[in-house]
file query-v5.txt (compact mmCIF, C-alpha atoms and all ligand atoms)
# COMPACT_ATOMS: atom_id res chain seq x y z
CA MET A 41 -23.86 -2.04 -26.74
CA HIS A 42 -20.35 -3.41 -26.96
CA MET A 43 -17.84 -1.11 -25.35
CA GLN A 44 -15.16 0.10 -27.68
CA ASP A 45 -11.61 -0.72 -26.66
CA VAL A 46 -9.57 1.93 -24.93
CA GLU A 47 -6.67 2.92 -27.17
CA ILE A 48 -3.19 4.00 -26.06
CA SER A 49 -3.92 7.45 -27.54
CA ASP A 50 -7.04 7.70 -25.31
CA LEU A 51 -4.93 6.92 -22.27
CA ARG A 52 -2.39 9.55 -23.26
CA ARG A 53 -5.07 12.22 -23.51
CA LEU A 54 -6.58 11.10 -20.23
CA THR A 55 -3.31 11.08 -18.26
CA LYS A 56 -2.45 14.52 -19.65
CA VAL A 57 -5.75 15.98 -18.45
CA ILE A 58 -5.30 14.40 -15.00
CA LEU A 59 -1.77 15.79 -14.77
CA ASP A 60 -2.77 19.27 -15.97
CA GLU A 61 -5.94 19.57 -13.92
CA TYR A 62 -5.10 17.61 -10.78
CA ASP A 63 -1.31 17.23 -10.68
CA TYR A 64 -1.40 13.44 -10.42
CA ASP A 65 0.80 11.61 -12.86
CA PHE A 66 -0.40 8.22 -14.11
CA THR A 67 1.82 8.31 -17.21
CA ASN A 68 4.10 5.63 -15.84
CA TYR A 69 1.54 3.24 -14.46
CA ALA A 70 1.83 -0.20 -16.06
CA MET A 71 -0.16 0.18 -19.25
CA SER A 72 -2.15 -3.06 -19.35
CA SER A 73 -3.56 -2.89 -15.84
CA PHE A 74 -4.18 0.87 -16.12
CA ARG A 75 -6.07 0.29 -19.34
CA ARG A 76 -8.20 -2.43 -17.73
CA ARG A 77 -9.05 -0.12 -14.83
CA ILE A 78 -10.09 2.66 -17.21
CA GLN A 79 -12.21 0.21 -19.21
CA ARG A 80 -13.86 -0.81 -15.95
CA ILE A 81 -14.58 2.82 -15.01
CA LEU A 82 -16.19 3.43 -18.43
CA GLU A 83 -18.47 0.45 -17.85
CA LEU A 84 -19.24 1.30 -14.23
CA TYR A 85 -20.23 4.89 -14.95
CA LYS A 86 -21.66 4.09 -18.39
CA PHE A 87 -19.33 6.46 -20.22
CA GLY A 88 -19.53 5.58 -23.93
CA ASN A 89 -15.91 6.57 -24.50
CA VAL A 90 -12.85 8.08 -22.87
CA ASN A 91 -13.81 11.60 -23.98
CA MET A 92 -16.90 11.43 -21.78
CA LEU A 93 -14.73 10.44 -18.83
CA ILE A 94 -12.33 13.30 -19.60
CA LYS A 95 -15.24 15.76 -19.78
CA ARG A 96 -16.57 14.61 -16.39
CA LEU A 97 -13.08 14.86 -14.84
CA LYS A 98 -12.76 18.41 -16.10
CA GLU A 99 -16.19 19.49 -14.86
CA ASP A 100 -16.56 17.67 -11.58
CA ARG A 101 -13.72 17.87 -9.09
CA GLU A 102 -15.54 15.69 -6.56
CA PHE A 103 -15.71 12.93 -9.12
CA PHE A 104 -11.92 12.90 -9.18
CA ASP A 105 -11.73 11.30 -5.70
CA GLU A 106 -14.03 8.53 -6.88
CA PHE A 107 -11.92 8.18 -9.99
CA ILE A 108 -8.75 7.74 -7.91
CA SER A 109 -10.46 5.06 -5.82
CA GLU A 110 -11.58 3.20 -8.92
CA VAL A 111 -8.36 3.47 -10.85
CA THR A 112 -6.22 2.09 -8.01
CA VAL A 113 -6.41 -1.51 -6.86
CA ASN A 114 -7.11 -1.67 -3.13
CA VAL A 115 -7.24 -5.43 -2.54
CA THR A 116 -5.60 -6.33 0.75
CA GLU A 117 -5.84 -8.72 3.71
CA MET A 118 -4.71 -8.89 7.31
CA PHE A 119 -1.51 -10.92 7.72
CA ARG A 120 -1.28 -11.33 3.93
CA ASP A 121 1.52 -13.84 3.26
CA PRO A 122 1.62 -15.14 6.86
CA SER A 123 5.17 -16.51 6.57
CA PHE A 124 6.38 -12.95 5.93
CA TRP A 125 4.79 -11.77 9.19
CA ARG A 126 6.44 -14.67 11.08
CA GLU A 127 9.80 -13.67 9.61
CA LEU A 128 9.19 -10.07 10.63
CA ARG A 129 8.37 -11.05 14.22
CA ASP A 130 11.05 -13.72 14.63
CA HIS A 131 14.00 -12.10 12.84
CA ILE A 132 13.61 -8.63 11.37
CA ILE A 133 12.10 -6.68 14.27
CA PRO A 134 14.38 -8.31 16.90
CA ASN A 135 17.29 -7.40 14.64
CA ILE A 136 16.24 -3.74 14.44
CA LEU A 137 15.81 -3.69 18.20
CA LEU A 138 19.37 -4.90 18.78
CA ASN A 139 20.53 -1.37 18.07
CA HIS A 140 17.62 0.82 19.16
CA ASN A 141 14.80 0.70 21.64
CA THR A 142 12.27 2.29 19.30
CA ILE A 143 11.23 1.42 15.77
CA SER A 144 9.90 3.64 13.00
CA ILE A 145 7.77 2.06 10.31
CA TRP A 146 6.24 3.36 7.08
CA HIS A 147 3.40 1.54 5.32
CA ALA A 148 3.53 3.03 1.82
CA GLY A 149 0.32 2.18 -0.04
CA CYS A 150 -1.53 0.97 3.05
CA SER A 151 -4.93 0.73 1.34
CA SER A 152 -7.77 0.11 3.83
CA GLY A 153 -5.29 -0.49 6.65
CA GLU A 154 -5.34 -4.26 7.15
CA GLU A 155 -1.54 -4.34 6.85
CA VAL A 156 -1.23 -1.61 9.51
CA PHE A 157 -3.56 -3.38 11.96
CA SER A 158 -1.58 -6.58 11.38
CA MET A 159 1.63 -4.75 12.25
CA ALA A 160 0.04 -3.26 15.37
CA ILE A 161 -1.18 -6.69 16.53
CA LEU A 162 2.25 -8.21 15.89
CA LEU A 163 3.93 -5.40 17.86
CA ARG A 164 1.43 -5.62 20.70
CA GLU A 165 2.10 -9.36 20.96
CA MET A 166 5.82 -8.55 21.09
CA LYS A 167 5.04 -5.88 23.74
CA MET A 168 6.65 -3.36 21.43
CA LEU A 169 3.66 -1.37 20.21
CA ASP A 170 4.37 1.52 22.59
CA LYS A 171 7.87 1.82 21.18
CA ALA A 172 6.78 2.00 17.56
CA LYS A 173 6.14 5.07 15.45
CA ILE A 174 4.01 4.10 12.47
CA ILE A 175 3.12 6.22 9.46
CA ALA A 176 0.63 4.82 6.97
CA THR A 177 0.11 6.51 3.62
CA ASP A 178 -1.88 6.03 0.43
CA ILE A 179 -2.71 8.12 -2.62
CA ASP A 180 -6.43 7.41 -2.19
CA THR A 181 -8.10 9.59 0.47
CA SER A 182 -11.32 7.59 0.65
CA ILE A 183 -9.47 4.32 1.28
CA LEU A 184 -7.52 6.13 4.03
CA ASP A 185 -10.83 7.16 5.64
CA ARG A 186 -11.78 3.51 5.63
CA ALA A 187 -8.42 2.59 7.17
CA ARG A 188 -8.91 5.16 9.93
CA ARG A 189 -12.29 3.65 10.79
CA GLY A 190 -10.83 0.14 11.14
CA ALA A 191 -14.20 -1.47 10.48
CA TYR A 192 -14.07 -4.41 8.10
CA PRO A 193 -16.88 -6.58 6.69
CA ILE A 194 -17.26 -9.54 9.00
CA LYS A 195 -17.19 -11.88 6.00
CA ASN A 196 -13.56 -10.88 5.36
CA MET A 197 -12.57 -11.98 8.85
CA ASP A 198 -12.54 -15.70 7.94
CA LEU A 199 -9.60 -15.21 5.60
CA ASN A 200 -7.93 -12.77 7.99
CA GLU A 201 -8.31 -15.29 10.84
CA LYS A 202 -6.85 -18.07 8.67
CA ASN A 203 -3.84 -15.89 7.92
CA TYR A 204 -3.47 -15.04 11.62
CA ILE A 205 -3.49 -18.73 12.52
CA ARG A 206 -0.77 -19.39 9.94
CA PHE A 207 1.16 -16.45 11.36
CA GLN A 208 0.95 -18.30 14.70
CA GLY A 209 -0.14 -15.31 16.71
CA SER A 210 -0.31 -15.72 20.46
CA GLY A 211 -4.08 -15.34 20.76
CA LYS A 212 -7.10 -15.32 18.48
CA LEU A 213 -7.74 -12.61 15.92
CA SER A 214 -11.16 -12.09 17.53
CA ASP A 215 -9.36 -10.85 20.67
CA TYR A 216 -8.68 -7.69 18.66
CA TYR A 217 -12.13 -6.78 17.39
CA LYS A 218 -15.77 -6.70 18.34
CA GLU A 219 -18.64 -7.39 16.02
CA GLU A 220 -21.11 -4.59 15.36
CA ASN A 221 -23.72 -4.43 12.58
CA GLY A 222 -21.97 -6.95 10.39
CA LYS A 223 -18.61 -5.24 10.82
CA ALA A 224 -15.49 -6.24 12.68
CA MET A 225 -14.54 -3.13 14.66
CA LEU A 226 -10.82 -3.35 15.28
CA ASP A 227 -9.59 -2.21 18.71
CA PRO A 228 -8.81 1.49 18.18
CA SER A 229 -6.04 1.43 20.79
CA LEU A 230 -4.02 -0.63 18.29
CA VAL A 231 -3.64 2.37 16.03
CA GLU A 232 -3.77 5.29 18.44
CA ASN A 233 -0.18 6.14 17.57
CA VAL A 234 -0.54 5.58 13.84
CA SER A 235 -0.40 8.66 11.65
CA TRP A 236 -2.52 8.21 8.48
CA ARG A 237 -1.58 10.57 5.68
CA GLN A 238 -2.31 11.09 2.04
CA HIS A 239 0.92 10.71 0.06
CA ASP A 240 1.61 10.07 -3.62
CA LEU A 241 4.67 7.89 -4.20
CA VAL A 242 4.91 9.23 -7.75
CA LYS A 243 5.49 12.77 -6.51
CA GLY A 244 8.22 11.21 -4.43
CA ILE A 245 8.33 13.60 -1.51
CA VAL A 246 10.69 12.21 1.12
CA PHE A 247 9.29 13.21 4.53
CA ASN A 248 11.15 11.10 7.07
CA LYS A 249 13.61 8.25 7.69
CA PHE A 250 12.51 4.81 8.79
CA ASP A 251 13.89 1.55 10.14
CA LEU A 252 11.36 -0.46 8.16
CA ILE A 253 9.31 0.33 5.05
CA LEU A 254 6.56 -1.90 3.73
CA CYS A 255 5.64 -1.09 0.14
CA ARG A 256 3.90 -4.29 -0.84
CA ASN A 257 1.83 -4.79 -3.97
CA VAL A 258 1.98 -1.13 -4.97
CA MET A 259 4.86 -0.88 -7.46
CA ILE A 260 3.42 -3.85 -9.31
CA TYR A 261 1.09 -1.29 -10.94
CA PHE A 262 4.00 0.92 -12.09
CA ASN A 263 6.20 0.55 -15.17
CA GLN A 264 9.91 -0.11 -14.81
CA ASN A 265 10.95 3.57 -14.99
CA LEU A 266 8.56 4.58 -12.27
CA GLN A 267 9.56 1.60 -10.11
CA ASN A 268 13.16 2.79 -10.34
CA GLU A 269 12.20 6.33 -9.36
CA VAL A 270 10.05 5.23 -6.45
CA LEU A 271 12.70 2.79 -5.22
CA LYS A 272 15.23 5.62 -5.09
CA LYS A 273 12.89 7.57 -2.83
CA LEU A 274 12.22 4.55 -0.64
CA HIS A 275 15.97 4.01 -0.36
CA GLU A 276 16.40 7.64 0.66
CA SER A 277 13.66 7.24 3.26
CA LEU A 278 15.48 4.40 5.02
CA PHE A 279 18.17 4.67 7.67
CA LYS A 280 21.33 2.81 6.73
CA TYR A 281 20.73 -0.88 7.60
CA GLY A 282 16.99 -0.29 7.48
CA TYR A 283 14.69 -2.83 5.84
CA LEU A 284 12.48 -2.61 2.77
CA VAL A 285 9.72 -5.13 2.09
CA ILE A 286 7.94 -5.43 -1.26
CA GLY A 287 5.16 -7.73 -2.49
CA SER A 288 5.62 -11.44 -2.99
CA LYS A 289 5.45 -11.13 -6.79
CA GLU A 290 7.81 -8.15 -6.98
CA SER A 291 11.60 -8.00 -7.14
CA LEU A 292 14.43 -5.54 -6.62
CA ILE A 293 16.99 -7.59 -8.47
CA TRP A 294 17.01 -5.72 -11.78
CA CYS A 295 16.44 -2.20 -10.45
CA GLU A 296 19.01 0.60 -10.63
CA ILE A 297 19.68 0.75 -6.91
CA ALA A 298 19.82 -3.02 -6.31
CA ASN A 299 23.51 -2.75 -5.35
CA LYS A 300 22.58 -0.55 -2.40
CA PHE A 301 20.57 -3.36 -0.83
CA ILE A 302 21.26 -6.93 0.16
CA VAL A 303 18.66 -9.65 0.02
CA VAL A 304 17.77 -10.70 3.54
CA ASN A 305 15.03 -13.11 2.60
CA ASN A 306 14.31 -13.80 -1.03
CA GLU A 307 11.08 -15.72 -0.45
CA GLU A 308 9.58 -12.95 1.68
CA LYS A 309 11.07 -10.13 -0.41
CA ILE A 310 12.91 -8.51 2.49
CA TYR A 311 15.88 -6.28 1.63
CA LYS A 312 18.35 -4.35 3.76
CA LYS A 313 19.91 -1.01 2.83
CA ILE A 314 23.66 -1.34 3.05
CA LYS A 315 24.82 1.78 1.16
CA ASP A 316 23.69 5.40 1.18
C1 LIG B 401 -3.09 -3.62 -3.75
S1 LIG B 401 -3.02 -2.32 -2.57
C2 LIG B 401 -1.75 -2.93 -1.48
C3 LIG B 401 -2.15 -2.86 -0.03
C4 LIG B 401 -1.17 -3.48 0.95
N1 LIG B 401 0.12 -2.83 0.91
C5 LIG B 401 -1.02 -4.95 0.69
O1 LIG B 401 0.00 -5.41 0.19
O2 LIG B 401 -1.97 -5.70 0.99
C6 LIG B 401 -2.20 -1.02 -3.48
C7 LIG B 401 -2.38 0.36 -2.86
O3 LIG B 401 -1.45 1.26 -3.47
C8 LIG B 401 -2.05 2.53 -3.57
N2 LIG B 401 -1.36 3.35 -4.57
C9 LIG B 401 -1.44 3.29 -5.92
N3 LIG B 401 -0.71 4.26 -6.49
C10 LIG B 401 -0.13 4.94 -5.47
C11 LIG B 401 0.74 6.07 -5.41
N4 LIG B 401 1.14 6.68 -6.52
N5 LIG B 401 1.13 6.52 -4.20
C12 LIG B 401 0.70 5.92 -3.07
N6 LIG B 401 -0.12 4.84 -3.06
C13 LIG B 401 -0.54 4.37 -4.25
C14 LIG B 401 -3.49 2.20 -3.93
O4 LIG B 401 -4.36 3.28 -3.64
C15 LIG B 401 -3.75 0.94 -3.09
O5 LIG B 401 -4.39 1.26 -1.88

call {"tool": "encode", "arguments": {"input": "query-v5.txt", "output": "structure tokens"}}
result
Amino acid sequence: MHMQDVEISDLRRLTKVILDEYDYDFTNYAMSSFRRRIQRILELYKFGNVNMLIKRLKEDREFFDEFISEVTVNVTEMFRDPSFWRELRDHIIPNILLNHNTISIWHAGCSSGEEVFSMAILLREMKMLDKAKIIATDIDTSILDRARRGAYPIKNMDLNEKNYIRFQGSGKLSDYYKEENGKAMLDPSLVENVSWRQHDLVKGIVFNKFDLILCRNVMIYFNQNLQNEVLKKLHESLFKYGYLVIGSKESLIWCEIANKFIVVNNEEKIYKKIKD
């Protein structure tokens, strides 16, 4: 059977139900990718149409967690964009440490945690891990459970290792994990001071101030309005002269609060808050 296309009106009904029943607001997710994800969920669970998905969401609250995992894109890597991580180690973190002896970091949209483990390895190599306070958040509770476990399929480690080599780390990536049952078990001491929390950027609750926020490849799934709203909250969550990093295909240039940041590195998408 050929799956019927998901219409905008279907998506409107769906997002309304999710908002009413679960208080998550997907209204301002970028339409085309959201629609593709919904289409994928219909195929995966063999729902003939969006109404069947809506019915299941209304009846089965446990299914909602699965839905969140499927509707969000969790693709990530360790040391993704290695030149960014070099820049962070060689310039940004030393710069932050000119003025303080501790560093507070927020990974917003941390997915399965590869970005957080990369940060911890970088900081350990800089002998700064003990001085860092790291908070890692995501909307998706099951991906956070995976992040907490720090066990990644061994087949992913080839790419991660390649990135680490390009990052020019001081050892080998395999120094930081042991292999067990086809999994790379990352050294748990790397993340003993990491606080993993569920947090929805759309709800926009500001819970702390940070020297450095990484929100990479998350807002790419939001429409322009929502990007503006989320950026305001990220701005509010930074200390003055703190740094914000976004994904390599994203930009701050056109957003409403662009004038409150300066571009520190355009290639690596690193911005510095200069105005409250
Ligand atoms: C593609 S991953 C990015 C992971 C990592 N930052 C990176 O760049 O490799 C996007 C993550 O954003 C999360 N996400 C999507 N909507 C979110 C929201 N409203 N609040 C918090 N996280 C969200 C998804 O669950 C997913 O884990």

call {"tool": "closest_residue", "arguments": {"input": "query-v5.txt", "among": "A:Ile174, A:Val303, A:Val111, A:Leu278", "to": "ligand LIG 401 (chain B)", "atoms": "only C-alpha atoms and all ligand atoms"}}
result
A:Val111

call {"tool": "residues_near_point", "arguments": {"input": "query-v5.txt", "point": "(-3.4, -6.5, 11.6)", "cutoff": "9 Å", "atoms": "only C-alpha atoms", "output": "list in words"}}
result
Glu117, Met118, Phe119, Gly153, Glu154, Glu155, Val156, Phe157, Ser158, Met159, Ala160, Ile161, Leu162, Asn200, Tyr204, Leu213, Tyr216, Leu226 and Leu230 of chain A

call {"tool": "atom_distance", "arguments": {"input": "query-v5.txt", "atom1": "CA of Asn299 in chain A", "atom2": "CA of Asp316 in chain A"}}
result
10.4 Å

call {"tool": "residues_near_ligand", "arguments": {"input": "query-v5.txt", "ligand": "ligand LIG 401 (chain B)", "cutoff": "8 Å", "atoms": "all atoms listed in the file", "output": "VMD selection string"}}
result
chain A and resid 66 108 to 109 112 to 118 120 147 to 155 177 to 180 183 238 to 243 254 to 259 261 287

call {"tool": "write_last_selection", "arguments": {"input": "query-v5.txt", "atoms": "C-alpha atoms", "output": "mmCIF file, in the frame of the given file"}}
result
data_model
loop_
_atom_site.group_PDB
_atom_site.id
_atom_site.type_symbol
_atom_site.label_atom_id
_atom_site.label_comp_id
_atom_site.auth_asym_id
_atom_site.auth_seq_id
_atom_site.Cartn_x
_atom_site.Cartn_y
_atom_site.Cartn_z
ATOM 1 C CA PHE A 66 -0.400 8.220 -14.110
ATOM 2 C CA ILE A 108 -8.750 7.740 -7.910
ATOM 3 C CA SER A 109 -10.460 5.060 -5.820
ATOM 4 C CA THR A 112 -6.220 2.090 -8.010
ATOM 5 C CA VAL A 113 -6.410 -1.510 -6.860
ATOM 6 C CA ASN A 114 -7.110 -1.670 -3.130
ATOM 7 C CA VAL A 115 -7.240 -5.430 -2.540
ATOM 8 C CA THR A 116 -5.600 -6.330 0.750
ATOM 9 C CA GLU A 117 -5.840 -8.720 3.710
ATOM 10 C CA MET A 118 -4.710 -8.890 7.310
ATOM 11 C CA ARG A 120 -1.280 -11.330 3.930
ATOM 12 C CA HIS A 147 3.400 1.540 5.320
ATOM 13 C CA ALA A 148 3.530 3.030 1.820
ATOM 14 C CA GLY A 149 0.320 2.180 -0.040
ATOM 15 C CA CYS A 150 -1.530 0.970 3.050
ATOM 16 C CA SER A 151 -4.930 0.730 1.340
ATOM 17 C CA SER A 152 -7.770 0.110 3.830
ATOM 18 C CA GLY A 153 -5.290 -0.490 6.650
ATOM 19 C CA GLU A 154 -5.340 -4.260 7.150
ATOM 20 C CA GLU A 155 -1.540 -4.340 6.850
ATOM 21 C CA THR A 177 0.110 6.510 3.620
ATOM 22 C CA ASP A 178 -1.880 6.030 0.430
ATOM 23 C CA ILE A 179 -2.710 8.120 -2.620
ATOM 24 C CA ASP A 180 -6.430 7.410 -2.190
ATOM 25 C CA ILE A 183 -9.470 4.320 1.280
ATOM 26 C CA GLN A 238 -2.310 11.090 2.040
ATOM 27 C CA HIS A 239 0.920 10.710 0.060
ATOM 28 C CA ASP A 240 1.610 10.070 -3.620
ATOM 29 C CA LEU A 241 4.670 7.890 -4.200
ATOM 30 C CA VAL A 242 4.910 9.230 -7.750
ATOM 31 C CA LYS A 243 5.490 12.770 -6.510
ATOM 32 C CA LEU A 254 6.560 -1.900 3.730
ATOM 33 C CA CYS A 255 5.640 -1.090 0.140
ATOM 34 C CA ARG A 256 3.900 -4.290 -0.840
ATOM 35 C CA ASN A 257 1.830 -4.790 -3.970
ATOM 36 C CA VAL A 258 1.980 -1.130 -4.970
ATOM 37 C CA MET A 259 4.860 -0.880 -7.460
ATOM 38 C CA TYR A 261 1.090 -1.290 -10.940
ATOM 39 C CA GLY A 287 5.160 -7.730 -2.490
#

call {"tool": "atom_distance", "arguments": {"input": "query-v5.txt", "atom1": "CA of Ser144 in chain A", "atom2": "CA of Trp125 in chain A"}}
result
16.7 Å

call {"tool": "atom_distance", "arguments": {"input": "query-v5.txt", "atom1": "CA of Ser288 in chain A", "atom2": "CA of Arg206 in chain A"}}
result
16.5 Å

call {"tool": "closest_residue", "arguments": {"input": "query-v5.txt", "among": "A:Val231, A:Asp198, A:Ile94, A:Ile293", "to": "Leu82 in chain A", "atoms": "all atoms listed in the file"}}
result
A:Ile94

call {"tool": "residues_around", "arguments": {"input": "query-v5.txt", "residues": "range 304-306 of chain A", "least_positions_apart": "6", "cutoff": "12 Å", "atoms": "only C-alpha atoms", "output": "JSON, numbers by chain"}}
result
{"A": [123, 124, 127, 128, 131, 132, 135, 281, 282, 283, 284, 285, 286, 287, 288, 289, 290, 291, 292, 293, 312, 313, 314]}

call {"tool": "residues_near_point", "arguments": {"input": "query-v5.txt", "point": "(-9.4, -1.7, 11.8)", "cutoff": "8 Å", "atoms": "all atoms listed in the file", "output": "ChimeraX atom specification"}}
result
/A:153-154,157,187-192,224-228

call {"tool": "closest_residue", "arguments": {"input": "query-v5.txt", "among": "A:Val90, A:Asp121, A:Cys295, A:Ile245", "to": "Asn263 in chain A", "atoms": "all atoms listed in the file"}}
result
A:Cys295

call {"tool": "closest_residue", "arguments": {"input": "query-v5.txt", "among": "A:Phe103, A:Trp146, A:Val234, A:Glu165", "to": "Asp215 in chain A", "atoms": "only C-alpha atoms"}}
result
A:Glu165

call {"tool": "residues_around", "arguments": {"input": "query-v5.txt", "residues": "Asn233 in chain A", "least_positions_apart": "3", "cutoff": "9 Å", "atoms": "only C-alpha atoms", "output": "list in words"}}
result
Leu169, Asp170, Ala172, Lys173, Ile174, Ile175, Ser229 and Leu230 of chain A

call {"tool": "residues_around", "arguments": {"input": "query-v5.txt", "residues": "Glu296 in chain A", "least_positions_apart": "2", "cutoff": "12 Å", "atoms": "all atoms listed in the file", "output": "VMD selection string"}}
result
chain A and resid 264 to 272 275 291 to 294 298 to 301

call {"tool": "closest_residue", "arguments": {"input": "query-v5.txt", "among": "A:Val246, A:Met92, A:Leu84, A:Leu97", "to": "Lys56 in chain A", "atoms": "only C-alpha atoms"}}
result
A:Leu97
